[in-house]
Amino acid sequence: MARRPAAAGSLTGAGPGIRYDDGLRHGSCGSGDGGVKPGPRRLHTSNGWERGLSVSKKIYIAAYHQSKFGKLFTMTVPEIVTNAVTGACSEINADPSVIDVGSIGAACNISLNQQGLLSGLMAMVPGLESKPIESVENACASGGQAILSVIYKLLLGQGDVGIAVGYEKMRNDEGKMDGKLIGEALGYFSYPDEREGKVFIFPHLFAEVMDLYMKTHGVTEADLAAVSVQEYANAQYNPYAQMKGITVSLDDVTTIAGRNRYIVDGLPLKTYDCSQITDGYAAMILATEEGLAKLGVAKADCVEIAGYAQATDPLRKQGRDVLRPAGAYRAMNEAYEMAGVKPADVDVAEVHDCFTVMGAIAAEVIGRAEYGKGAAYWRDGRAAPDGECAINTSGGLIAKGHPVGATGVAMVGWSAWQLLGRVPKELQVPDASVAATFNIGGPICASVCTVLKPGA
């Protein structure tokens with residue numbers, strides 16, 4: 001399927017003060033083509049507030065490193081943290097002592113690993129002691145939040161080089177998982193009143209979202225299954241993917257047989273609609289221009305995080321429009337505006353497909369598919385590596401894997417590799433110049449969005 005540009009247009013009905021169009025309404029600071037002038041600028045919304053976007057420093061990804069996703073077996077949490085930091089440093093032959101600030105994200109470190117104060121573990125890496133480091137938690141958006149934490153520290157002048165780490169160890173030392181325990185641990189990231197009567201809380205909540213999406217938009221289970229089929233196909237070429245070596249067909253995903261079953265009676269979510277239970281870690285070194293000079297890394301070998309934003313909707317799912325999550329649209333819109341691009345400019349994207357329905361919704365949030373047309377975007381091949389906008393060429397959470405705290409870091413890291421031409425040739429999008437990421441936590445509650453451009 002030949003790549004083709006998308007027709008410019010708008011995404012309306014996305015919530016108050018949110019619309020993607022050629023002029024980037026509500027705070028467009030450039031011409032009608034969506035260009036944004038450099039320097040301090042103001043973002044206005046239809047709610048009547050305005051936010052200063054005084055970003056005086058560019059932030060670059062100097063290095064990215066990750067483990068293979070799947071099983072870490074006997075690797076301990078202190079070893080995971082150390083390996084993540086030293087692995088990222090080794091990518092550019094840097095000593096950890098050059099790092100000024102840090103942040104680390106995880107979600108189930110206490111409930112599954114009995115380990116808190118992860119920042120202290122990071123400070124045990126020689127060269128990182130007595131430096132500004134913090135632990136962050138924003139459910140499945142913890143990794144993305146760790147990246148933002150480092151960016152904010154660099155913008156505040158606390159240093160020129162920072163590291164963001166995300167990890168999760170969800171399996172035991174034999175690589176086996178306790179499904180009931182993991183379901184309970186993840187369930188803590190939902191609203192208490194919405195847990196009652198649910199065995200596996202998050203699959204149940206998203207089964208309800210899937211059912212609502214299908215009924216609202218006239219979408220079939222097979223339409224949404226296309227997300228899983230494409231991502232398993234992508235994962236076959238990603239050496240870091242958990243499901244590499246396992247292929248599925250549309251019949252496999254839609255037929256109730258073998259391991260594929262309905263997760264909740266009366267709701268459409270099936271096993272192949274779900275992301276994986278995954279061990280893994282990811283780490284990213286971020287730097288200002290001064291930091292790049294200290295590291296000896298050229299801009300041409302980097303990617304700029306040109307836009308970034310975060311927003312959080314109420315935790316309770318009931319009573320809000322989860323098919324058009326206002327916080328997600330707002331964060332994505334602000335990231336686009338900061339980067340001075342439009343959704344139509346995006347060549348590649350990594351999005352939070354914890355379940356197939358989120359792959360569809362995410363295609364709409366990033367503005368590549370119209371509201372209600374996200375499933376069709378995947379079904380028609382427009383999200384394939386050779387499609388209109390290549391989404392989740394890594395295999396996504398469904399096939400690459402979902403080590404909760406590492407996911408947000410891995411999304412940005414893989415997108416950076418895409419822009420640098422470093423992913424396997426079967427997945428590489430030629431001449432990609434703009435990437436978008438969309439990382440969520442909870443029942444489409446916390447959202448972290450970024451926009452990447454080549455560093456030079």
# chains A, B, ... in the order shown; residues from 1 in each chain; ligands from 1
>>> residues_around(residues="A:Met358", least_positions_apart="6", cutoff="12 Å", atoms="only C-alpha atoms", output="ChimeraX atom specification")
/A:203,205-210,213,224-225,227-228,269,273-275,322-325,328,350-352,364-366,372,374-375,378,396-398,438-444
>>> write_last_selection(atoms="C-alpha atoms", output="short mmCIF file (atom, residue, chain, number, x, y, z; two decimals), in the first residue's frame")
data_model
loop_
_atom_site.label_atom_id
_atom_site.label_comp_id
_atom_site.auth_asym_id
_atom_site.auth_seq_id
_atom_site.Cartn_x
_atom_site.Cartn_y
_atom_site.Cartn_z
CA PRO A 203 -9.98 -5.67 31.13
CA LEU A 205 -13.51 -1.54 32.24
CA PHE A 206 -12.09 -1.54 28.72
CA ALA A 207 -14.49 -4.29 27.65
CA GLU A 208 -17.20 -1.77 28.54
CA VAL A 209 -15.39 0.91 26.50
CA MET A 210 -15.09 -1.52 23.58
CA TYR A 213 -17.37 2.12 20.90
CA LEU A 224 -11.14 -3.85 15.99
CA ALA A 225 -9.30 -7.15 15.56
CA VAL A 227 -5.41 -3.59 15.32
CA SER A 228 -4.12 -6.81 16.86
CA LEU A 269 -13.24 -8.14 24.65
CA ASP A 273 -7.67 -7.78 22.09
CA CYS A 274 -5.45 -7.37 25.17
CA SER A 275 -1.90 -6.19 25.76
CA VAL A 322 -14.42 8.11 27.33
CA LEU A 323 -14.74 7.91 23.55
CA ARG A 324 -13.65 11.56 23.34
CA PRO A 325 -11.42 11.93 26.42
CA ALA A 328 -6.15 13.31 25.94
CA GLU A 350 3.32 5.16 18.95
CA VAL A 351 0.06 5.04 20.88
CA HIS A 352 -1.31 3.36 23.99
CA GLU A 364 -8.60 9.61 16.54
CA VAL A 365 -6.86 11.40 19.43
CA ILE A 366 -3.68 11.96 17.39
CA GLY A 372 -15.53 7.14 15.13
CA GLY A 374 -10.28 4.86 14.16
CA ALA A 375 -11.10 1.17 13.72
CA TRP A 378 -6.54 0.17 11.02
CA GLY A 396 2.48 -1.75 20.34
CA LEU A 397 1.47 -2.85 23.80
CA ILE A 398 -0.45 -5.76 22.31
CA PHE A 438 0.16 9.17 23.15
CA ASN A 439 0.59 7.44 26.53
CA ILE A 440 -2.32 6.95 28.95
CA GLY A 441 -2.74 5.88 32.54
CA GLY A 442 -5.86 4.37 34.09
CA PRO A 443 -9.26 4.24 32.37
CA ILE A 444 -8.21 6.88 29.79
#
>>> closest_residue(among="A:Gly291, A:Gly166, A:Gly367, A:Gly70", to="A:Ile99", atoms="only C-alpha atoms")
A:Gly291
>>> select_by_dssp(residues="stretch 233-346 of chain A", states="strand (DSSP E)", output="JSON, numbers by chain")
{"A": [280, 281, 282, 283, 284, 285, 286, 287, 303, 304, 305, 306, 307, 308, 309, 310, 311, 312]}
>>> write_last_selection(atoms="C-alpha atoms", output="PDB file, in the first residue's frame")
ATOM      1  CA  GLY A 280      11.030  -4.767  30.879  1.00  0.00           C
ATOM      2  CA  TYR A 281      12.846  -1.496  31.270  1.00  0.00           C
ATOM      3  CA  ALA A 282      13.615   1.529  29.109  1.00  0.00           C
ATOM      4  CA  ALA A 283      15.846   4.552  29.638  1.00  0.00           C
ATOM      5  CA  MET A 284      16.406   7.803  27.803  1.00  0.00           C
ATOM      6  CA  ILE A 285      19.079  10.473  28.137  1.00  0.00           C
ATOM      7  CA  LEU A 286      17.723  13.968  27.504  1.00  0.00           C
ATOM      8  CA  ALA A 287      19.835  17.063  27.023  1.00  0.00           C
ATOM      9  CA  VAL A 303      15.806  13.807  17.959  1.00  0.00           C
ATOM     10  CA  GLU A 304      14.157  16.901  19.416  1.00  0.00           C
ATOM     11  CA  ILE A 305      11.145  16.580  21.697  1.00  0.00           C
ATOM     12  CA  ALA A 306       9.541  19.560  20.004  1.00  0.00           C
ATOM     13  CA  GLY A 307       6.182  19.364  21.747  1.00  0.00           C
ATOM     14  CA  TYR A 308       4.951  17.834  24.982  1.00  0.00           C
ATOM     15  CA  ALA A 309       1.952  18.118  27.275  1.00  0.00           C
ATOM     16  CA  GLN A 310       0.096  16.283  30.007  1.00  0.00           C
ATOM     17  CA  ALA A 311      -3.517  16.367  31.176  1.00  0.00           C
ATOM     18  CA  THR A 312      -5.610  14.263  33.531  1.00  0.00           C
TER      19      THR A 312
END
>>> closest_residue(among="A:Ala226, A:Val409, A:Met214, A:Ala107", to="A:Val165", atoms="only C-alpha atoms")
A:Val409
>>> decode(residues="stretch 357-379 of chain A", atoms="C-alpha atoms", output="PDB file, in the first residue's frame")
ATOM      1  CA  VAL A 357     -10.329  -0.319  21.194  1.00  0.00           C
ATOM      2  CA  MET A 358      -7.640   2.055  22.475  1.00  0.00           C
ATOM      3  CA  GLY A 359      -5.731   1.583  19.221  1.00  0.00           C
ATOM      4  CA  ALA A 360      -8.842   2.862  17.442  1.00  0.00           C
ATOM      5  CA  ILE A 361      -9.500   5.723  19.857  1.00  0.00           C
ATOM      6  CA  ALA A 362      -5.825   6.716  19.795  1.00  0.00           C
ATOM      7  CA  ALA A 363      -5.841   7.041  16.001  1.00  0.00           C
ATOM      8  CA  GLU A 364      -8.597   9.607  16.536  1.00  0.00           C
ATOM      9  CA  VAL A 365      -6.856  11.396  19.426  1.00  0.00           C
ATOM     10  CA  ILE A 366      -3.684  11.957  17.388  1.00  0.00           C
ATOM     11  CA  GLY A 367      -5.900  13.399  14.658  1.00  0.00           C
ATOM     12  CA  ARG A 368      -5.131  10.922  11.885  1.00  0.00           C
ATOM     13  CA  ALA A 369      -8.618   9.390  11.923  1.00  0.00           C
ATOM     14  CA  GLU A 370     -11.916  11.198  12.253  1.00  0.00           C
ATOM     15  CA  TYR A 371     -14.019  10.616  15.344  1.00  0.00           C
ATOM     16  CA  GLY A 372     -15.531   7.140  15.129  1.00  0.00           C
ATOM     17  CA  LYS A 373     -13.294   6.127  12.212  1.00  0.00           C
ATOM     18  CA  GLY A 374     -10.278   4.862  14.161  1.00  0.00           C
ATOM     19  CA  ALA A 375     -11.098   1.171  13.724  1.00  0.00           C
ATOM     20  CA  ALA A 376     -11.553   1.670   9.992  1.00  0.00           C
ATOM     21  CA  TYR A 377      -8.167   3.414   9.854  1.00  0.00           C
ATOM     22  CA  TRP A 378      -6.541   0.174  11.017  1.00  0.00           C
ATOM     23  CA  ARG A 379      -8.857  -2.127   9.072  1.00  0.00           C
TER      24      ARG A 379
END
